[in-house]
>>> print(open('data-v8.csv').read())   # CSV, C-alpha atoms
chain,number,residue,atom,x,y,z
A,63,MET,CA,-110.0,-76.1,-7.7
A,64,GLY,CA,-106.4,-77.3,-7.3
A,65,LYS,CA,-104.9,-78.0,-3.9
A,66,LEU,CA,-101.8,-76.5,-2.3
A,67,LYS,CA,-100.4,-78.1,0.8
A,68,THR,CA,-97.9,-76.0,2.6
A,69,PRO,CA,-96.5,-75.6,6.1
A,70,LEU,CA,-99.0,-72.9,6.7
A,71,THR,CA,-102.0,-75.0,5.8
A,72,GLU,CA,-100.7,-77.8,8.0
A,73,LEU,CA,-100.0,-75.4,10.9
A,74,VAL,CA,-103.3,-73.7,11.0
A,75,GLY,CA,-105.6,-76.4,9.5
A,76,ILE,CA,-106.8,-74.3,6.6
A,77,GLU,CA,-107.4,-75.5,3.0
A,78,HIS,CA,-105.5,-72.8,1.2
A,79,PRO,CA,-102.3,-70.8,2.0
A,80,VAL,CA,-104.1,-67.4,1.8
A,81,VAL,CA,-104.4,-65.0,4.7
A,82,GLN,CA,-106.7,-62.0,5.1
A,83,THR,CA,-104.9,-59.5,7.3
A,84,GLY,CA,-106.3,-57.8,10.3
A,85,MET,CA,-107.0,-54.4,8.8
A,86,GLY,CA,-108.4,-51.8,11.3
A,87,TRP,CA,-112.1,-50.9,10.6
A,88,VAL,CA,-112.2,-53.4,7.7
A,89,ALA,CA,-111.5,-56.9,9.0
A,90,GLY,CA,-114.8,-57.4,10.9
A,91,ALA,CA,-116.9,-60.5,11.5
A,92,ARG,CA,-118.4,-60.6,8.0
A,93,LEU,CA,-115.2,-60.4,6.1
A,94,VAL,CA,-113.3,-62.8,8.4
A,95,ALA,CA,-116.1,-65.4,8.3
A,96,ALA,CA,-116.3,-65.2,4.5
A,97,THR,CA,-112.5,-65.6,4.2
A,98,SER,CA,-112.4,-68.6,6.5
A,99,ASN,CA,-115.4,-70.2,4.8
A,100,ALA,CA,-113.5,-69.8,1.5
A,101,GLY,CA,-110.7,-71.9,2.9
A,102,GLY,CA,-108.3,-69.1,3.8
A,103,LEU,CA,-107.4,-67.6,7.2
A,104,GLY,CA,-109.5,-64.6,8.2
A,105,ILE,CA,-108.1,-62.4,10.9
A,106,LEU,CA,-110.2,-60.0,13.0
A,107,ALA,CA,-108.8,-56.5,13.6
A,108,SER,CA,-109.2,-55.9,17.3
A,109,ALA,CA,-107.1,-52.7,17.7
A,110,THR,CA,-110.1,-50.7,16.5
A,111,MET,CA,-112.6,-52.6,18.7
A,112,THR,CA,-113.4,-52.2,22.3
A,113,LEU,CA,-113.2,-55.4,24.4
A,114,GLU,CA,-117.0,-55.8,24.2
A,115,GLU,CA,-117.0,-55.2,20.5
A,116,LEU,CA,-114.3,-57.9,20.1
A,117,GLN,CA,-116.4,-60.4,22.1
A,118,THR,CA,-119.4,-59.6,19.8
A,119,ALA,CA,-117.3,-60.0,16.7
A,120,VAL,CA,-115.9,-63.4,17.8
A,121,THR,CA,-119.4,-64.6,18.6
A,122,LYS,CA,-120.6,-63.6,15.2
A,123,VAL,CA,-117.6,-65.3,13.4
A,124,LYS,CA,-118.1,-68.5,15.3
A,125,ALA,CA,-121.8,-68.5,14.4
A,126,ALA,CA,-121.0,-68.1,10.7
A,127,THR,CA,-118.1,-70.6,10.4
A,128,ASP,CA,-116.6,-73.6,12.0
A,129,LYS,CA,-113.3,-73.0,10.2
A,130,PRO,CA,-110.1,-71.6,11.9
A,131,PHE,CA,-109.7,-67.8,12.2
A,132,GLY,CA,-107.5,-65.4,14.1
A,133,ILE,CA,-107.4,-62.1,16.0
A,134,ASN,CA,-104.9,-59.4,15.4
A,135,MET,CA,-103.8,-57.6,18.6
A,136,ARG,CA,-101.5,-54.9,19.8
A,137,ALA,CA,-99.2,-56.5,22.3
A,138,ASP,CA,-98.5,-53.1,23.9
A,139,ALA,CA,-102.2,-52.2,24.4
A,140,GLY,CA,-103.2,-51.5,28.0
A,141,ASP,CA,-105.8,-54.3,28.0
A,142,ALA,CA,-103.8,-56.8,26.0
A,143,GLY,CA,-104.0,-59.3,28.8
A,144,ALA,CA,-107.8,-59.2,28.7
A,145,ARG,CA,-107.9,-59.7,24.9
A,146,VAL,CA,-105.5,-62.6,25.1
A,147,ASP,CA,-107.7,-64.2,27.8
A,148,LEU,CA,-110.8,-63.7,25.5
A,149,LEU,CA,-109.0,-65.3,22.6
A,150,ILE,CA,-108.0,-68.3,24.6
A,151,ARG,CA,-111.4,-68.7,26.3
A,152,GLU,CA,-113.2,-68.6,22.9
A,153,GLY,CA,-110.8,-71.1,21.4
A,154,VAL,CA,-109.6,-68.8,18.6
A,155,LYS,CA,-107.0,-70.6,16.5
A,156,VAL,CA,-104.5,-67.8,15.7
A,157,ALA,CA,-103.1,-64.8,17.6
A,158,SER,CA,-101.6,-62.3,15.2
A,159,PHE,CA,-99.5,-59.3,16.3
A,160,ALA,CA,-98.5,-56.1,14.5
A,161,LEU,CA,-95.7,-55.7,17.1
A,162,ALA,CA,-93.9,-58.8,18.4
A,163,PRO,CA,-95.2,-60.0,21.7
A,164,LYS,CA,-92.9,-60.7,24.6
A,165,PRO,CA,-91.6,-64.3,25.0
A,166,GLU,CA,-93.9,-64.9,28.1
A,167,LEU,CA,-97.0,-64.0,26.1
A,168,ILE,CA,-96.0,-66.3,23.3
A,169,THR,CA,-95.5,-69.1,25.8
A,170,LYS,CA,-98.9,-68.4,27.4
A,171,LEU,CA,-100.7,-68.6,24.0
A,172,LYS,CA,-98.8,-71.7,22.8
A,173,ASP,CA,-99.6,-73.5,26.1
A,174,ALA,CA,-103.2,-72.8,25.4
A,175,GLY,CA,-102.9,-74.3,21.9
A,176,VAL,CA,-103.0,-71.0,20.0
A,177,VAL,CA,-100.9,-70.5,16.9
A,178,VAL,CA,-98.8,-67.3,17.3
A,179,ILE,CA,-98.0,-65.3,14.1
A,180,PRO,CA,-96.3,-61.9,14.6
A,181,SER,CA,-95.7,-59.5,11.7
A,182,VAL,CA,-92.1,-58.4,11.1
A,183,GLY,CA,-90.4,-55.9,8.8
A,184,ALA,CA,-86.8,-57.2,9.0
A,185,ALA,CA,-84.8,-60.4,9.0
A,186,LYS,CA,-83.4,-59.8,12.4
A,187,HIS,CA,-86.9,-59.4,13.9
A,188,ALA,CA,-88.0,-62.7,12.3
A,189,LYS,CA,-85.0,-64.5,13.8
A,190,LYS,CA,-85.7,-63.0,17.2
A,191,VAL,CA,-89.4,-64.1,17.4
A,192,ALA,CA,-88.4,-67.5,16.0
A,193,GLY,CA,-86.1,-67.9,19.0
A,194,TRP,CA,-88.9,-66.8,21.3
A,195,GLY,CA,-91.2,-69.6,20.0
A,196,ALA,CA,-93.4,-67.9,17.4
A,197,ASP,CA,-95.0,-70.4,15.1
A,198,ALA,CA,-94.8,-68.4,11.9
A,199,VAL,CA,-94.3,-64.8,10.7
A,200,ILE,CA,-95.9,-62.5,8.3
A,201,VAL,CA,-93.3,-60.3,6.5
A,202,GLN,CA,-94.6,-57.3,4.6
A,203,GLY,CA,-92.6,-55.5,2.0
A,204,GLY,CA,-92.8,-51.8,1.2
A,205,GLU,CA,-95.6,-52.3,-1.4
A,206,GLY,CA,-98.1,-53.1,1.4
A,207,GLY,CA,-100.6,-50.7,2.8
A,208,GLY,CA,-100.8,-49.1,6.2
A,209,HIS,CA,-97.6,-49.0,8.3
A,210,THR,CA,-94.8,-50.3,6.0
A,211,GLY,CA,-91.1,-50.3,5.6
A,212,PRO,CA,-88.8,-49.1,2.8
A,213,VAL,CA,-87.7,-52.6,1.4
A,214,ALA,CA,-89.6,-54.2,-1.4
A,215,THR,CA,-91.1,-57.7,-0.9
A,216,THR,CA,-88.8,-59.2,-3.6
A,217,LEU,CA,-85.8,-58.4,-1.4
A,218,LEU,CA,-87.3,-58.5,2.1
A,219,LEU,CA,-88.9,-61.9,1.7
A,220,PRO,CA,-85.7,-63.8,0.7
A,221,SER,CA,-83.7,-62.1,3.4
A,222,VAL,CA,-86.2,-63.3,6.0
A,223,LEU,CA,-86.3,-66.8,4.6
A,224,ASP,CA,-82.6,-67.0,4.7
A,225,ALA,CA,-82.5,-65.8,8.3
A,226,VAL,CA,-84.9,-68.4,9.6
A,227,LYS,CA,-84.2,-71.4,7.3
A,228,ASP,CA,-82.5,-73.3,10.1
A,229,THR,CA,-85.6,-72.9,12.4
A,230,GLY,CA,-88.1,-74.3,9.9
A,231,MET,CA,-90.5,-71.5,10.8
A,232,PRO,CA,-93.1,-70.9,8.1
A,233,VAL,CA,-92.9,-67.4,6.5
A,234,ILE,CA,-96.0,-65.7,5.0
A,235,ALA,CA,-95.3,-63.1,2.4
A,236,ALA,CA,-97.3,-59.8,2.3
A,237,GLY,CA,-97.0,-56.6,0.3
A,238,GLY,CA,-97.9,-56.5,-3.4
A,239,PHE,CA,-100.0,-59.8,-3.6
A,240,PHE,CA,-103.4,-59.9,-5.2
A,241,ASP,CA,-103.6,-62.9,-7.6
A,242,GLY,CA,-102.4,-66.5,-8.3
A,243,ARG,CA,-99.2,-65.4,-10.0
A,244,GLY,CA,-98.2,-63.7,-6.7
A,245,LEU,CA,-99.0,-66.8,-4.7
A,246,ALA,CA,-97.0,-69.0,-7.1
A,247,ALA,CA,-94.1,-66.6,-6.9
A,248,ALA,CA,-94.1,-66.5,-3.1
A,249,LEU,CA,-94.2,-70.3,-2.9
A,250,SER,CA,-91.3,-70.4,-5.4
A,251,TYR,CA,-89.3,-68.1,-3.1
A,252,GLY,CA,-89.9,-70.6,-0.3
A,253,ALA,CA,-92.8,-68.8,1.5
A,254,ALA,CA,-95.6,-70.9,3.0
A,255,GLY,CA,-98.4,-68.6,1.7
A,256,VAL,CA,-99.4,-65.0,1.2
A,257,ALA,CA,-101.2,-62.4,3.3
A,258,MET,CA,-103.3,-59.8,1.6
A,259,GLY,CA,-105.1,-56.7,2.9
A,260,THR,CA,-106.2,-54.4,0.1
A,261,ARG,CA,-107.3,-57.3,-2.1
A,262,PHE,CA,-109.7,-58.5,0.6
A,263,LEU,CA,-110.9,-55.0,1.3
A,264,LEU,CA,-111.9,-54.9,-2.4
A,265,THR,CA,-114.4,-57.8,-2.2
A,266,SER,CA,-118.1,-57.9,-2.1
A,267,ASP,CA,-117.9,-59.3,1.5
A,268,SER,CA,-116.0,-56.2,2.7
A,269,THR,CA,-118.2,-53.8,4.7
A,270,VAL,CA,-116.2,-50.7,3.4
A,271,PRO,CA,-118.8,-48.4,1.7
A,272,ASP,CA,-119.2,-48.9,-2.1
A,273,THR,CA,-118.2,-45.3,-2.8
A,274,VAL,CA,-114.9,-45.8,-1.0
A,275,LYS,CA,-114.3,-49.1,-2.8
A,276,GLU,CA,-114.8,-47.2,-6.1
A,277,ARG,CA,-112.2,-44.7,-5.0
A,278,TYR,CA,-109.7,-47.6,-4.6
A,279,LEU,CA,-110.6,-49.0,-8.0
A,280,GLN,CA,-110.0,-45.7,-9.6
A,281,ALA,CA,-106.4,-45.5,-8.2
A,282,ALA,CA,-103.5,-45.8,-10.6
A,283,LEU,CA,-100.3,-47.7,-9.8
A,284,ASP,CA,-98.8,-44.5,-8.6
A,285,GLY,CA,-102.0,-43.7,-6.7
A,286,THR,CA,-100.5,-44.3,-3.2
A,287,VAL,CA,-98.0,-42.4,-1.1
A,288,VAL,CA,-95.9,-43.3,2.0
A,289,SER,CA,-96.7,-40.5,4.4
A,290,THR,CA,-95.4,-39.7,7.9
A,291,ARG,CA,-98.0,-37.0,8.4
A,292,VAL,CA,-100.7,-39.4,9.3
A,293,ASP,CA,-99.3,-40.7,12.5
A,294,GLY,CA,-95.6,-39.9,12.4
A,295,MET,CA,-94.7,-43.3,11.1
A,296,PRO,CA,-94.3,-44.4,7.4
A,297,HIS,CA,-97.9,-45.1,6.4
A,298,ARG,CA,-98.9,-46.1,2.8
A,299,VAL,CA,-102.2,-44.5,1.9
A,300,LEU,CA,-104.2,-43.5,-1.2
A,301,ARG,CA,-103.4,-40.0,-2.6
A,302,THR,CA,-106.6,-38.2,-1.4
A,303,GLY,CA,-107.2,-34.5,-1.0
A,304,LEU,CA,-106.7,-34.8,2.7
A,305,VAL,CA,-103.4,-36.6,2.4
A,306,GLU,CA,-102.1,-34.0,-0.1
A,307,LYS,CA,-103.1,-31.3,2.5
A,308,LEU,CA,-101.3,-33.2,5.3
A,309,GLU,CA,-98.2,-33.6,3.1
A,310,SER,CA,-98.1,-29.9,2.2
A,311,GLY,CA,-99.3,-28.5,5.5
A,312,SER,CA,-97.4,-27.4,8.6
A,313,GLY,CA,-96.5,-29.8,11.4
A,314,VAL,CA,-98.2,-27.5,13.9
A,315,ARG,CA,-101.5,-27.7,12.0
A,316,SER,CA,-101.2,-31.5,11.7
A,317,LEU,CA,-100.6,-31.7,15.4
A,318,ALA,CA,-103.6,-29.5,16.2
A,319,ALA,CA,-105.8,-31.8,14.1
A,320,ALA,CA,-104.3,-34.8,15.8
A,321,VAL,CA,-105.1,-33.6,19.3
A,322,SER,CA,-108.8,-33.0,18.2
A,323,ASN,CA,-109.0,-36.5,16.7
A,324,ALA,CA,-107.3,-38.0,19.8
A,325,GLN,CA,-110.1,-36.6,21.9
A,326,LYS,CA,-112.7,-38.2,19.5
A,327,PHE,CA,-110.8,-41.6,19.8
A,328,LYS,CA,-110.9,-41.2,23.6
A,329,LYS,CA,-114.6,-40.8,23.6
A,330,TYR,CA,-115.2,-43.6,21.1
A,331,SER,CA,-112.9,-46.2,22.8
A,332,GLY,CA,-113.9,-45.3,26.3
A,333,MET,CA,-110.2,-45.1,27.3
A,334,SER,CA,-109.2,-42.6,29.9
A,335,TRP,CA,-106.4,-40.0,29.2
A,336,LEU,CA,-104.3,-42.1,31.7
A,337,SER,CA,-104.8,-45.2,29.6
A,338,ILE,CA,-103.9,-43.4,26.4
A,339,ALA,CA,-100.8,-42.0,28.2
A,340,LYS,CA,-99.8,-45.5,29.3
A,341,ASP,CA,-100.3,-46.8,25.8
A,342,GLY,CA,-98.2,-43.9,24.6
A,343,LEU,CA,-95.4,-44.7,27.0
A,344,ALA,CA,-95.5,-48.4,25.9
A,345,MET,CA,-95.3,-47.4,22.2
A,346,ARG,CA,-92.5,-45.0,23.0
A,347,GLU,CA,-90.4,-47.5,24.9
A,348,GLY,CA,-87.4,-48.6,22.8
A,349,LYS,CA,-88.4,-46.3,19.9
A,350,GLU,CA,-87.4,-42.8,18.9
A,351,LEU,CA,-90.9,-41.4,18.9
A,352,THR,CA,-91.7,-37.8,20.0
A,353,TRP,CA,-94.8,-37.0,22.0
A,354,SER,CA,-96.3,-35.3,19.0
A,355,GLN,CA,-96.0,-38.7,17.1
A,356,ILE,CA,-97.7,-40.4,20.0
A,357,VAL,CA,-100.6,-38.0,19.7
A,358,MET,CA,-100.7,-38.6,16.0
A,359,LYS,CA,-101.0,-42.3,16.6
A,360,ALA,CA,-104.2,-41.8,18.4
A,361,ASN,CA,-105.3,-39.5,15.6
A,362,THR,CA,-104.9,-42.3,13.0
A,363,ALA,CA,-107.7,-44.5,14.2
A,364,MET,CA,-110.3,-41.7,13.7
A,365,LEU,CA,-108.9,-40.7,10.3
A,366,LEU,CA,-109.1,-44.3,9.1
A,367,LYS,CA,-112.6,-44.6,10.5
A,368,ALA,CA,-113.8,-41.5,8.7
A,369,GLY,CA,-112.7,-43.0,5.4
A,370,LEU,CA,-113.2,-46.7,5.8
A,371,VAL,CA,-116.4,-46.7,7.9
A,372,ASP,CA,-118.1,-43.4,7.4
A,373,GLY,CA,-117.2,-43.2,3.7
A,374,ASN,CA,-115.9,-39.6,4.0
A,375,THR,CA,-112.9,-39.6,1.7
A,376,ASP,CA,-112.5,-35.8,2.1
A,377,ALA,CA,-112.0,-36.1,5.9
A,378,GLY,CA,-110.5,-39.5,6.2
A,379,VAL,CA,-107.4,-41.5,5.3
A,380,LEU,CA,-107.5,-44.7,3.2
A,381,ALA,CA,-104.7,-47.1,3.9
A,382,SER,CA,-103.8,-49.0,0.8
A,383,GLY,CA,-101.2,-51.2,-0.8
A,384,GLN,CA,-99.9,-50.4,-4.3
A,385,VAL,CA,-102.0,-53.3,-5.6
A,386,ALA,CA,-105.0,-50.9,-5.6
A,387,GLY,CA,-103.6,-49.6,-8.9
A,388,ILE,CA,-104.0,-53.0,-10.6
A,389,ILE,CA,-107.3,-54.3,-9.1
A,390,ASN,CA,-110.5,-53.7,-11.1
A,391,ASP,CA,-113.1,-56.0,-9.6
A,392,LEU,CA,-115.0,-56.8,-6.4
A,393,PRO,CA,-115.4,-60.6,-6.2
A,394,SER,CA,-116.7,-62.5,-3.2
A,395,CYS,CA,-114.0,-64.0,-0.9
A,396,ALA,CA,-115.0,-67.5,-2.1
A,397,GLU,CA,-114.5,-66.4,-5.8
A,398,LEU,CA,-111.3,-64.6,-5.0
A,399,VAL,CA,-109.6,-67.5,-3.1
A,400,GLU,CA,-110.7,-70.1,-5.6
A,401,LYS,CA,-109.3,-68.1,-8.5
A,402,ILE,CA,-106.0,-67.3,-6.7
A,403,VAL,CA,-105.4,-70.9,-5.9
A,404,ASP,CA,-106.4,-72.2,-9.3
A,405,ASP,CA,-104.2,-69.7,-11.1
A,406,ALA,CA,-101.3,-70.4,-8.7
A,407,VAL,CA,-101.5,-74.1,-9.4
A,408,ALA,CA,-101.6,-73.4,-13.2
A,409,HIS,CA,-98.6,-71.2,-13.0
A,410,LEU,CA,-96.6,-73.6,-10.9
A,411,GLN,CA,-97.4,-76.4,-13.3
A,412,SER,CA,-96.5,-74.3,-16.3
A,413,ALA,CA,-93.2,-73.3,-14.8
A,414,SER,CA,-92.3,-76.9,-14.1
A,415,GLY,CA,-92.2,-77.4,-17.9
A,416,TYR,CA,-89.0,-75.4,-18.0
A,417,ILE,CA,-87.2,-78.1,-16.1
A,418,GLN,CA,-85.0,-80.4,-18.3
>>> encode(input="data-v8.csv", output="structure tokens")
Amino acid sequence: MGKLKTPLTELVGIEHPVVQTGMGWVAGARLVAATSNAGGLGILASATMTLEELQTAVTKVKAATDKPFGINMRADAGDAGARVDLLIREGVKVASFALAPKPELITKLKDAGVVVIPSVGAAKHAKKVAGWGADAVIVQGGEGGGHTGPVATTLLLPSVLDAVKDTGMPVIAAGGFFDGRGLAAALSYGAAGVAMGTRFLLTSDSTVPDTVKERYLQAALDGTVVSTRVDGMPHRVLRTGLVEKLESGSGVRSLAAAVSNAQKFKKYSGMSWLSIAKDGLAMREGKELTWSQIVMKANTAMLLKAGLVDGNTDAGVLASGQVAGIINDLPSCAELVEKIVDDAVAHLQSASGYIQ
């Protein structure tokens, strides 16, 4: 296997500039350990775990690998402080955030020797967190799965790179990456590595049910849709029967279903209605979200669980990047990372031949 040394590999202490994102219900201990053992950076998804489940997952990862790994957290969660304390206590290398943490939290993590990597969707946000002391950022273009923005990676990535070039902060590209060509392209843009979700979901190390993986493999390049009916925010998902119903149904019906699923999420998570309300207020702060959207956010966790854990594609939602339409195999994480890096090296070497 060829070697690629980038600011990301240096920052985190990993072999290869490949990150497995913290996908809810997907990025558990087995997938994270397999990714890290393959030389990449595996990131646990803690938003769909209770605090106790997160502790168990961290213990399992540490038993399976001595390589660096991370935890993805919601900075606005009611128990975010306890999760941060757990991460620091357990010596986890990376703290990943879907929403940018406040400067004080970044400082606390960095003082403890933790690498802080928020995800951003705009150049101005990257510049802001760089000023707050974040160590790196993941920038996801519109091709990516789950919550996503309208700008393609090919435009969003260079805009972010330009915005932070004076800071020297490494930028990790996400959205539309699945092979060595993509890694080579991202490095050529100036990124320090790539982050992938759907590609790691579709591995033999992923615990997603085989029937659900098959549904992803059957998808065409136009087999995803960006829907706001899942949780009120733009959410890229596979075109399933449920999604088609949500898209064509009434808002009142969607809200009624959301309330029902929010009750299930309350029971599963052990959260009180007061905690859910506090989380809702935190999510609403600084954003133009209606209360129906807040309820739909609680709804999302259960819809994703139904599909990705229970395997019920008729009653669940399957978050997916557009790359599902071009992936046709289920390698192990070790096989995947090795091939991506080898192919990236080969493409970079081939491209150098154009230089006169």
>>> residues_near_point(input="data-v8.csv", point="(-113.0, -48.8, 10.3)", cutoff="6 Å", atoms="all atoms listed in the file", output="VMD selection string")
chain A and resid 86 to 88 367 370 to 371
>>> closest_atom_pairs(input="data-v8.csv", of="region 215-248 of chain A", to="region 160-181 of chain A", cutoff="12 Å", atoms="all atoms listed in the file", output="JSON lines")
{"residue": "A:Val222", "atom": "CA", "partner": "A:Ser181", "partner_atom": "CA", "distance": 11.7}
{"residue": "A:Met231", "atom": "CA", "partner": "A:Ile179", "partner_atom": "CA", "distance": 10.3}
{"residue": "A:Pro232", "atom": "CA", "partner": "A:Ile179", "partner_atom": "CA", "distance": 9.6}
{"residue": "A:Val233", "atom": "CA", "partner": "A:Ile179", "partner_atom": "CA", "distance": 9.4}
{"residue": "A:Ile234", "atom": "CA", "partner": "A:Ser181", "partner_atom": "CA", "distance": 9.1}
{"residue": "A:Ala235", "atom": "CA", "partner": "A:Ser181", "partner_atom": "CA", "distance": 10.0}
{"residue": "A:Ala236", "atom": "CA", "partner": "A:Ser181", "partner_atom": "CA", "distance": 9.5}
{"residue": "A:Gly237", "atom": "CA", "partner": "A:Ser181", "partner_atom": "CA", "distance": 11.8}
>>> atom_distance(input="data-v8.csv", atom1="CA of Ala248 (chain A)", atom2="CA of Val94 (chain A)")
22.7 Å
>>> closest_residue(input="data-v8.csv", among="A:Gly208, A:Ala406, A:Thr118, A:Leu218", to="Val182 (chain A)", atoms="all atoms listed in the file")
A:Leu218
>>> closest_atom_pairs(input="data-v8.csv", of="region 184-295 of chain A", to="region 99-113 of chain A", cutoff="12 Å", atoms="all atoms listed in the file", output="tab-separated table")
residue	atom	partner	partner_atom	distance
A:Ile234	CA	A:Leu103	CA	11.8
A:Gly255	CA	A:Gly102	CA	10.1
A:Val256	CA	A:Gly102	CA	10.1
A:Ala257	CA	A:Leu103	CA	9.0
A:Met258	CA	A:Gly104	CA	10.2
A:Gly259	CA	A:Ile105	CA	10.3
A:Phe262	CA	A:Gly104	CA	9.7
A:Leu263	CA	A:Gly104	CA	11.9
A:Asp267	CA	A:Ala100	CA	11.4
A:Ser268	CA	A:Gly104	CA	12.0
>>> atom_distance(input="data-v8.csv", atom1="CA of Ala144 (chain A)", atom2="CA of Val81 (chain A)")
24.9 Å
>>> closest_residue(input="data-v8.csv", among="A:His78, A:Lys189, A:Arg298, A:Lys124", to="Gly206 (chain A)", atoms="all atoms listed in the file")
A:Arg298
>>> atom_distance(input="data-v8.csv", atom1="CA of Gly143 (chain A)", atom2="CA of Leu70 (chain A)")
26.4 Å
>>> residues_around(input="data-v8.csv", residues="Val213 (chain A)", least_positions_apart="3", cutoff="10 Å", atoms="only C-alpha atoms", output="mmCIF file with C-alpha atoms, in the frame of the given file")
data_model
loop_
_atom_site.group_PDB
_atom_site.id
_atom_site.type_symbol
_atom_site.label_atom_id
_atom_site.label_comp_id
_atom_site.auth_asym_id
_atom_site.auth_seq_id
_atom_site.Cartn_x
_atom_site.Cartn_y
_atom_site.Cartn_z
ATOM 1 C CA GLY A 183 -90.400 -55.900 8.800
ATOM 2 C CA ALA A 184 -86.800 -57.200 9.000
ATOM 3 C CA GLN A 202 -94.600 -57.300 4.600
ATOM 4 C CA GLY A 203 -92.600 -55.500 2.000
ATOM 5 C CA GLY A 204 -92.800 -51.800 1.200
ATOM 6 C CA GLU A 205 -95.600 -52.300 -1.400
ATOM 7 C CA THR A 210 -94.800 -50.300 6.000
ATOM 8 C CA THR A 216 -88.800 -59.200 -3.600
ATOM 9 C CA LEU A 217 -85.800 -58.400 -1.400
ATOM 10 C CA LEU A 218 -87.300 -58.500 2.100
ATOM 11 C CA LEU A 219 -88.900 -61.900 1.700
#
>>> closest_residue(input="data-v8.csv", among="A:Leu245, A:Leu116, A:Ala198, A:Ala125", to="Asp404 (chain A)", atoms="all atoms listed in the file")
A:Leu245
>>> residues_around(input="data-v8.csv", residues="Val123 (chain A)", least_positions_apart="5", cutoff="10 Å", atoms="all atoms listed in the file", output="PyMOL selection string")
chain A and resi 90-96+98+104+106+118+128-131
>>> closest_residue(input="data-v8.csv", among="A:Asp138, A:Asp228, A:Asp272, A:Glu115", to="Asp372 (chain A)", atoms="only C-alpha atoms")
A:Asp272
>>> residues_near_point(input="data-v8.csv", point="(-102.1, -45.1, -11.0)", cutoff="10 Å", atoms="all atoms listed in the file", output="list in words")
Leu279, Gln280, Ala281, Ala282, Leu283, Asp284, Gly285, Thr286, Arg301, Gln384, Val385, Ala386, Gly387 and Ile388 of chain A
>>> residues_around(input="data-v8.csv", residues="His297 (chain A)", least_positions_apart="6", cutoff="6 Å", atoms="all atoms listed in the file", output="number ranges by chain")
A: 208-209, 288-289
>>> closest_residue(input="data-v8.csv", among="A:Val154, A:Lys307, A:Thr302, A:Ile402", to="Pro79 (chain A)", atoms="only C-alpha atoms")
A:Ile402
